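Written below as structure tokens is the structure these notes are about.
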Amino acid sequence: MRRFSLGLVVMAIMMIALPLGAQDAISAKAGLVNYFEGTVLMNGEELKYSATRFHQIPNGGILETPANGRAEVLLSPGVMLWLGESSRLELVSDKLDAAQVRLLGGNAVISSTEFPKETSITILVNDDQVRFSNAGVYRLSFSPTKLEVQEGQADVLRAGVETRVKKGRSLMIDQPGSSLARID
């Protein structure tokens, strides 16, 4: 009987301890590097993996993924930005309810399953702005500058004109005269 209850105690401790190691990070600021693989640089220094410490991009900080790197950045609760290989971004504002990121090169995917009320995420590309305020899946490329909306909707401000891009549409941002197109 004693061996049986000891086994139950050990199992209970394991059931409690295992999920603790798999907890997601929580941050009071936008720009938390939640996950990365390959080589990822922050302000020119390579990030090192630590099971107990997450990296926070400071305001004005540059996150770069060379040819073999990828990174996942928390912008707001429920809103993630995935930075593809050979990409760069600058964190302009680390406010959770109004995060701003400047895409400096490469590709990014923004995904949110829920979008907290009164929260917006702005991605700056050259002189243009892309604002997200709805749950969805979005792909943004730097060169040529293109937005694809898989789910949700985004507002693009380019040359002083705002264009709403909805689900299943794309927009060539760096071509002011371009119109919405269907995603293939």
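Ligands are numbered from 1 in the order shown, residues from 1 within each chain, and chains are lettered A, B, ... in the order they appear in the structure tokens.
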List as a PDB file with all heavy atoms, in the first residue's frame the protein and nucleic acid residues near Gly160 in chain A, meaning an atom at most 12 Å away when only C-alpha atoms are counted, but skip any in the same chain fewer than 2 places from it.
ATOM      1  N   ASP A 127       8.028  54.661 -46.274  1.00  0.00           N
ATOM      2  CA  ASP A 127       7.204  55.773 -45.810  1.00  0.00           C
ATOM      3  C   ASP A 127       5.747  55.374 -45.611  1.00  0.00           C
ATOM      4  O   ASP A 127       4.891  56.244 -45.406  1.00  0.00           O
ATOM      5  CB  ASP A 127       7.276  56.935 -46.814  1.00  0.00           C
ATOM      6  CG  ASP A 127       8.672  57.529 -46.895  1.00  0.00           C
ATOM      7  OD1 ASP A 127       9.380  57.524 -45.864  1.00  0.00           O
ATOM      8  OD2 ASP A 127       9.064  57.982 -47.993  1.00  0.00           O
ATOM      9  N   ASP A 128       5.442  54.101 -45.693  1.00  0.00           N
ATOM     10  CA  ASP A 128       4.065  53.623 -45.624  1.00  0.00           C
ATOM     11  C   ASP A 128       3.794  52.932 -44.294  1.00  0.00           C
ATOM     12  O   ASP A 128       4.715  52.480 -43.607  1.00  0.00           O
ATOM     13  CB  ASP A 128       3.787  52.665 -46.785  1.00  0.00           C
ATOM     14  CG  ASP A 128       4.100  53.301 -48.133  1.00  0.00           C
ATOM     15  OD1 ASP A 128       3.620  54.429 -48.373  1.00  0.00           O
ATOM     16  OD2 ASP A 128       4.834  52.691 -48.927  1.00  0.00           O
ATOM     17  N   GLN A 129       2.486  52.845 -43.938  1.00  0.00           N
ATOM     18  CA  GLN A 129       2.075  52.216 -42.686  1.00  0.00           C
ATOM     19  C   GLN A 129       1.035  51.146 -42.970  1.00  0.00           C
ATOM     20  O   GLN A 129       0.131  51.354 -43.780  1.00  0.00           O
ATOM     21  CB  GLN A 129       1.433  53.236 -41.745  1.00  0.00           C
ATOM     22  CG  GLN A 129       2.329  54.316 -41.271  1.00  0.00           C
ATOM     23  CD  GLN A 129       1.596  55.267 -40.331  1.00  0.00           C
ATOM     24  OE1 GLN A 129       0.538  54.951 -39.808  1.00  0.00           O
ATOM     25  NE2 GLN A 129       2.172  56.430 -40.113  1.00  0.00           N
ATOM     26  N   VAL A 156      -3.919  50.199 -44.899  1.00  0.00           N
ATOM     27  CA  VAL A 156      -2.629  50.640 -45.415  1.00  0.00           C
ATOM     28  C   VAL A 156      -2.708  52.131 -45.699  1.00  0.00           C
ATOM     29  O   VAL A 156      -3.597  52.581 -46.416  1.00  0.00           O
ATOM     30  CB  VAL A 156      -2.256  49.872 -46.703  1.00  0.00           C
ATOM     31  CG1 VAL A 156      -0.941  50.374 -47.268  1.00  0.00           C
ATOM     32  CG2 VAL A 156      -2.198  48.369 -46.437  1.00  0.00           C
ATOM     33  N   LEU A 157      -1.775  52.889 -45.137  1.00  0.00           N
ATOM     34  CA  LEU A 157      -1.683  54.321 -45.402  1.00  0.00           C
ATOM     35  C   LEU A 157      -0.438  54.539 -46.249  1.00  0.00           C
ATOM     36  O   LEU A 157       0.679  54.320 -45.801  1.00  0.00           O
ATOM     37  CB  LEU A 157      -1.588  55.112 -44.100  1.00  0.00           C
ATOM     38  CG  LEU A 157      -1.540  56.628 -44.244  1.00  0.00           C
ATOM     39  CD1 LEU A 157      -2.815  57.161 -44.881  1.00  0.00           C
ATOM     40  CD2 LEU A 157      -1.314  57.279 -42.891  1.00  0.00           C
ATOM     41  N   ARG A 158      -0.652  54.926 -47.511  1.00  0.00           N
ATOM     42  CA  ARG A 158       0.457  55.169 -48.428  1.00  0.00           C
ATOM     43  C   ARG A 158       0.158  56.452 -49.202  1.00  0.00           C
ATOM     44  O   ARG A 158      -0.952  56.637 -49.691  1.00  0.00           O
ATOM     45  CB  ARG A 158       0.688  53.993 -49.368  1.00  0.00           C
ATOM     46  CG  ARG A 158      -0.510  53.654 -50.192  1.00  0.00           C
ATOM     47  CD  ARG A 158      -0.319  52.396 -51.002  1.00  0.00           C
ATOM     48  NE  ARG A 158      -1.566  52.171 -51.728  1.00  0.00           N
ATOM     49  CZ  ARG A 158      -1.659  51.573 -52.861  1.00  0.00           C
ATOM     50  NH1 ARG A 158      -0.600  51.082 -53.435  1.00  0.00           N
ATOM     51  NH2 ARG A 158      -2.812  51.412 -53.447  1.00  0.00           N
ATOM     52  N   GLU A 162      -5.608  56.107 -47.463  1.00  0.00           N
ATOM     53  CA  GLU A 162      -5.804  54.861 -46.725  1.00  0.00           C
ATOM     54  C   GLU A 162      -6.578  53.861 -47.570  1.00  0.00           C
ATOM     55  O   GLU A 162      -7.580  54.213 -48.203  1.00  0.00           O
ATOM     56  CB  GLU A 162      -6.551  55.126 -45.420  1.00  0.00           C
ATOM     57  CG  GLU A 162      -6.608  53.899 -44.527  1.00  0.00           C
ATOM     58  CD  GLU A 162      -7.101  54.219 -43.137  1.00  0.00           C
ATOM     59  OE1 GLU A 162      -6.275  54.636 -42.301  1.00  0.00           O
ATOM     60  OE2 GLU A 162      -8.305  54.078 -42.898  1.00  0.00           O
ATOM     61  N   THR A 163      -6.094  52.622 -47.584  1.00  0.00           N
ATOM     62  CA  THR A 163      -6.737  51.543 -48.327  1.00  0.00           C
ATOM     63  C   THR A 163      -6.971  50.388 -47.374  1.00  0.00           C
ATOM     64  O   THR A 163      -6.052  49.963 -46.680  1.00  0.00           O
ATOM     65  CB  THR A 163      -5.842  51.061 -49.492  1.00  0.00           C
ATOM     66  OG1 THR A 163      -5.528  52.169 -50.331  1.00  0.00           O
ATOM     67  CG2 THR A 163      -6.529  49.980 -50.305  1.00  0.00           C
ATOM     68  N   PRO A 176       2.073  53.315 -55.539  1.00  0.00           N
ATOM     69  CA  PRO A 176       0.909  54.101 -55.117  1.00  0.00           C
ATOM     70  C   PRO A 176      -0.318  53.971 -56.014  1.00  0.00           C
ATOM     71  O   PRO A 176      -1.436  54.078 -55.539  1.00  0.00           O
ATOM     72  CB  PRO A 176       1.427  55.540 -55.106  1.00  0.00           C
ATOM     73  CG  PRO A 176       2.889  55.408 -54.925  1.00  0.00           C
ATOM     74  CD  PRO A 176       3.271  54.135 -55.623  1.00  0.00           C
TER      75      PRO A 176
END
Can you tell me which residues surround range 69-81 of chain A at a distance of at most 7 Å, considering only C-alpha atoms, apart from same-chain residues fewer than 3 positions away, and format the answer as a compact mmCIF listing (two decimals) with all heavy atoms, in the first residue's frame?
# COMPACT_ATOMS: atom_id res chain seq x y z
N ALA A 30 5.82 44.97 -25.84
CA ALA A 30 5.92 44.32 -27.14
C ALA A 30 7.41 44.09 -27.43
O ALA A 30 8.27 44.78 -26.91
CB ALA A 30 5.31 45.21 -28.22
N GLY A 31 7.71 43.11 -28.27
CA GLY A 31 9.08 42.89 -28.69
C GLY A 31 9.79 41.76 -27.98
O GLY A 31 11.00 41.63 -28.08
N LEU A 32 9.05 40.91 -27.29
CA LEU A 32 9.67 39.76 -26.64
C LEU A 32 9.94 38.68 -27.68
O LEU A 32 9.04 38.28 -28.42
CB LEU A 32 8.74 39.20 -25.56
CG LEU A 32 9.31 38.00 -24.82
CD1 LEU A 32 10.19 38.47 -23.67
CD2 LEU A 32 8.19 37.13 -24.30
N VAL A 33 11.19 38.23 -27.78
CA VAL A 33 11.53 37.15 -28.71
C VAL A 33 11.12 35.85 -28.03
O VAL A 33 11.78 35.38 -27.10
CB VAL A 33 13.04 37.15 -29.07
CG1 VAL A 33 13.36 36.01 -30.02
CG2 VAL A 33 13.44 38.49 -29.67
N ASN A 34 9.99 35.31 -28.47
CA ASN A 34 9.39 34.15 -27.84
C ASN A 34 10.09 32.85 -28.25
O ASN A 34 10.18 31.92 -27.47
CB ASN A 34 7.91 34.09 -28.22
CG ASN A 34 7.13 33.09 -27.41
OD1 ASN A 34 7.21 33.07 -26.20
ND2 ASN A 34 6.38 32.25 -28.09
N TYR A 35 10.59 32.81 -29.50
CA TYR A 35 11.25 31.61 -30.02
C TYR A 35 12.16 32.03 -31.16
O TYR A 35 11.85 32.97 -31.89
CB TYR A 35 10.20 30.61 -30.53
CG TYR A 35 10.80 29.39 -31.19
CD1 TYR A 35 11.29 28.35 -30.44
CD2 TYR A 35 10.88 29.31 -32.57
CE1 TYR A 35 11.87 27.23 -31.04
CE2 TYR A 35 11.44 28.20 -33.19
CZ TYR A 35 11.93 27.17 -32.42
OH TYR A 35 12.50 26.08 -33.01
N PHE A 36 13.26 31.33 -31.32
CA PHE A 36 14.12 31.55 -32.50
C PHE A 36 14.88 30.28 -32.80
O PHE A 36 15.05 29.42 -31.94
CB PHE A 36 15.08 32.74 -32.28
CG PHE A 36 16.11 32.52 -31.22
CD1 PHE A 36 17.36 32.01 -31.54
CD2 PHE A 36 15.85 32.85 -29.90
CE1 PHE A 36 18.32 31.82 -30.56
CE2 PHE A 36 16.81 32.66 -28.92
CZ PHE A 36 18.05 32.15 -29.24
N GLU A 37 15.29 30.18 -34.06
CA GLU A 37 16.13 29.07 -34.47
C GLU A 37 17.13 29.56 -35.48
O GLU A 37 16.90 30.55 -36.17
CB GLU A 37 15.30 27.90 -35.02
CG GLU A 37 14.49 28.22 -36.24
CD GLU A 37 13.60 27.07 -36.67
OE1 GLU A 37 13.04 26.37 -35.81
OE2 GLU A 37 13.47 26.87 -37.89
N GLY A 38 18.26 28.87 -35.55
CA GLY A 38 19.34 29.32 -36.42
C GLY A 38 20.02 30.54 -35.81
O GLY A 38 19.94 30.80 -34.61
N THR A 39 20.67 31.32 -36.64
CA THR A 39 21.36 32.51 -36.18
C THR A 39 20.40 33.69 -36.18
O THR A 39 19.77 33.98 -37.20
CB THR A 39 22.56 32.84 -37.09
OG1 THR A 39 23.44 31.71 -37.10
CG2 THR A 39 23.31 34.06 -36.60
N VAL A 40 20.27 34.34 -35.04
CA VAL A 40 19.43 35.53 -34.91
C VAL A 40 20.25 36.57 -34.15
O VAL A 40 20.85 36.26 -33.12
CB VAL A 40 18.11 35.23 -34.16
CG1 VAL A 40 17.31 36.50 -33.95
CG2 VAL A 40 17.30 34.21 -34.93
N THR A 65 17.62 38.29 -38.92
CA THR A 65 17.74 36.86 -39.16
C THR A 65 18.53 36.64 -40.43
O THR A 65 18.01 36.85 -41.52
CB THR A 65 16.34 36.21 -39.30
OG1 THR A 65 15.64 36.87 -40.34
CG2 THR A 65 15.55 36.31 -38.01
N PRO A 66 19.79 36.24 -40.33
CA PRO A 66 20.56 35.93 -41.54
C PRO A 66 19.93 34.76 -42.29
O PRO A 66 18.86 34.29 -41.93
CB PRO A 66 21.94 35.58 -41.00
CG PRO A 66 22.01 36.22 -39.65
CD PRO A 66 20.60 36.17 -39.12
N GLY A 84 11.03 35.98 -41.16
CA GLY A 84 11.61 34.94 -42.00
C GLY A 84 13.11 35.07 -42.14
O GLY A 84 13.74 35.99 -41.61
N GLU A 85 13.70 34.14 -42.88
CA GLU A 85 15.14 34.15 -43.13
C GLU A 85 15.53 35.41 -43.89
O GLU A 85 14.75 35.93 -44.69
CB GLU A 85 15.53 32.91 -43.92
CG GLU A 85 15.28 31.63 -43.15
CD GLU A 85 15.53 30.38 -43.97
OE1 GLU A 85 15.58 30.46 -45.22
OE2 GLU A 85 15.67 29.31 -43.36
N LEU A 96 2.24 47.59 -25.53
CA LEU A 96 1.44 46.41 -25.86
C LEU A 96 0.17 46.76 -26.62
O LEU A 96 -0.29 45.99 -27.44
CB LEU A 96 1.06 45.65 -24.59
CG LEU A 96 2.11 44.69 -24.04
CD1 LEU A 96 1.60 44.03 -22.78
CD2 LEU A 96 2.50 43.66 -25.06
N ASP A 97 -0.42 47.92 -26.35
CA ASP A 97 -1.68 48.27 -27.01
C ASP A 97 -1.47 49.07 -28.30
O ASP A 97 -2.43 49.34 -29.02
CB ASP A 97 -2.60 49.04 -26.06
CG ASP A 97 -2.00 50.36 -25.60
OD1 ASP A 97 -0.79 50.57 -25.77
OD2 ASP A 97 -2.76 51.18 -25.05
N ALA A 99 1.83 48.70 -30.47
CA ALA A 99 3.19 48.35 -30.89
C ALA A 99 3.45 48.84 -32.30
O ALA A 99 2.56 48.82 -33.15
CB ALA A 99 3.40 46.85 -30.81
N ALA A 108 7.79 39.08 -43.24
CA ALA A 108 7.22 38.87 -41.91
C ALA A 108 5.80 38.36 -42.07
O ALA A 108 5.09 38.73 -43.01
CB ALA A 108 7.23 40.16 -41.11
N VAL A 109 5.39 37.50 -41.14
CA VAL A 109 4.02 37.04 -41.06
C VAL A 109 3.50 37.48 -39.70
O VAL A 109 4.15 37.26 -38.68
CB VAL A 109 3.91 35.51 -41.22
CG1 VAL A 109 2.49 35.03 -40.93
CG2 VAL A 109 4.34 35.09 -42.60
N ILE A 110 2.34 38.13 -39.70
CA ILE A 110 1.70 38.57 -38.46
C ILE A 110 0.47 37.70 -38.30
O ILE A 110 -0.32 37.55 -39.23
CB ILE A 110 1.31 40.07 -38.51
CG1 ILE A 110 2.55 40.94 -38.66
CG2 ILE A 110 0.56 40.46 -37.25
CD1 ILE A 110 2.95 41.21 -40.04
N SER A 111 0.31 37.12 -37.12
CA SER A 111 -0.81 36.22 -36.88
C SER A 111 -1.40 36.50 -35.51
O SER A 111 -0.66 36.71 -34.54
CB SER A 111 -0.33 34.78 -36.95
OG SER A 111 -1.38 33.89 -36.61
N SER A 112 -2.72 36.52 -35.46
CA SER A 112 -3.39 36.69 -34.18
C SER A 112 -4.67 35.88 -34.17
O SER A 112 -5.44 35.92 -35.12
CB SER A 112 -3.69 38.16 -33.89
OG SER A 112 -4.59 38.66 -34.84
N THR A 113 -4.86 35.14 -33.12
CA THR A 113 -6.09 34.39 -32.96
C THR A 113 -7.12 35.23 -32.25
O THR A 113 -8.31 35.00 -32.38
CB THR A 113 -5.83 33.10 -32.16
OG1 THR A 113 -5.18 33.45 -30.94
CG2 THR A 113 -4.96 32.14 -32.95
N GLU A 114 -6.67 36.18 -31.49
CA GLU A 114 -7.54 37.13 -30.80
C GLU A 114 -6.83 38.47 -30.82
O GLU A 114 -5.61 38.54 -30.81
CB GLU A 114 -7.80 36.68 -29.38
CG GLU A 114 -6.53 36.48 -28.57
CD GLU A 114 -6.78 35.89 -27.21
OE1 GLU A 114 -7.12 34.69 -27.16
OE2 GLU A 114 -6.64 36.63 -26.23
N PHE A 115 -7.60 39.51 -30.90
CA PHE A 115 -7.01 40.83 -30.93
C PHE A 115 -7.64 41.62 -29.80
O PHE A 115 -8.84 41.92 -29.84
CB PHE A 115 -7.27 41.51 -32.27
CG PHE A 115 -6.11 42.29 -32.79
CD1 PHE A 115 -5.24 41.74 -33.71
CD2 PHE A 115 -5.86 43.57 -32.34
CE1 PHE A 115 -4.15 42.44 -34.18
CE2 PHE A 115 -4.77 44.28 -32.82
CZ PHE A 115 -3.92 43.72 -33.74
How many Å separate CA of Met42 in chain A from CA of Ile57 in chain A?
7.2 Å
Quick one: residues within 12 Å of Arg139 in chain A, only C-alpha atoms, excluding same-chain residues fewer than 6 positions away - as a ChimeraX atom specification?
/A:80-84,103,106-111,123,130,132,145-154,165,167-172,183
Convert the current residue selection to file output with C-alpha atoms, as a PDB file, in the first residue's frame.
ATOM      1  CA  MET A  80       2.791  37.179 -32.996  1.00  0.00           C
ATOM      2  CA  LEU A  81       5.180  38.277 -35.723  1.00  0.00           C
ATOM      3  CA  TRP A  82       7.298  35.645 -37.442  1.00  0.00           C
ATOM      4  CA  LEU A  83      10.413  37.036 -39.074  1.00  0.00           C
ATOM      5  CA  GLY A  84      11.609  34.940 -42.000  1.00  0.00           C
ATOM      6  CA  LEU A 103      10.323  46.184 -41.500  1.00  0.00           C
ATOM      7  CA  GLY A 106      12.860  40.382 -45.894  1.00  0.00           C
ATOM      8  CA  ASN A 107       9.478  38.936 -44.937  1.00  0.00           C
ATOM      9  CA  ALA A 108       7.220  38.869 -41.912  1.00  0.00           C
ATOM     10  CA  VAL A 109       4.016  37.044 -41.059  1.00  0.00           C
ATOM     11  CA  ILE A 110       1.702  38.567 -38.461  1.00  0.00           C
ATOM     12  CA  SER A 111      -0.808  36.225 -36.881  1.00  0.00           C
ATOM     13  CA  ILE A 123       4.189  47.905 -39.323  1.00  0.00           C
ATOM     14  CA  VAL A 130       0.158  48.970 -42.327  1.00  0.00           C
ATOM     15  CA  PHE A 132      -3.693  45.669 -37.944  1.00  0.00           C
ATOM     16  CA  THR A 145       6.611  45.822 -50.682  1.00  0.00           C
ATOM     17  CA  LYS A 146       3.487  43.708 -50.692  1.00  0.00           C
ATOM     18  CA  LEU A 147       0.754  42.898 -48.165  1.00  0.00           C
ATOM     19  CA  GLU A 148      -1.286  39.695 -48.392  1.00  0.00           C
ATOM     20  CA  VAL A 149      -4.292  39.196 -46.110  1.00  0.00           C
ATOM     21  CA  GLN A 150      -5.109  35.513 -45.610  1.00  0.00           C
ATOM     22  CA  GLU A 151      -7.620  36.213 -42.803  1.00  0.00           C
ATOM     23  CA  GLY A 152      -8.799  39.472 -41.233  1.00  0.00           C
ATOM     24  CA  GLN A 153      -8.315  42.983 -42.586  1.00  0.00           C
ATOM     25  CA  ALA A 154      -5.607  45.641 -42.520  1.00  0.00           C
ATOM     26  CA  VAL A 165      -7.245  45.246 -47.505  1.00  0.00           C
ATOM     27  CA  LYS A 167      -9.391  38.602 -46.537  1.00  0.00           C
ATOM     28  CA  GLY A 168      -8.124  37.018 -49.738  1.00  0.00           C
ATOM     29  CA  ARG A 169      -6.660  40.256 -51.123  1.00  0.00           C
ATOM     30  CA  SER A 170      -3.193  41.681 -51.638  1.00  0.00           C
ATOM     31  CA  LEU A 171      -1.796  45.148 -52.267  1.00  0.00           C
ATOM     32  CA  MET A 172       1.508  46.261 -53.769  1.00  0.00           C
ATOM     33  CA  ILE A 183      -4.431  36.167 -53.678  1.00  0.00           C
TER      34      ILE A 183
END
Considering only C-alpha atoms, state which residue in the set A:Asn43, A:Ser86, A:Ser120, A:Ser179 is at the smallest distance from Pro58 in chain A.
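Closest residue, counting only C-alpha atoms: A:Asn43.
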Would you give me, as a PyMOL selection string, the residues in chain A that DSSP reads as alpha helix (DSSP H)?
chain A and resi 2-21
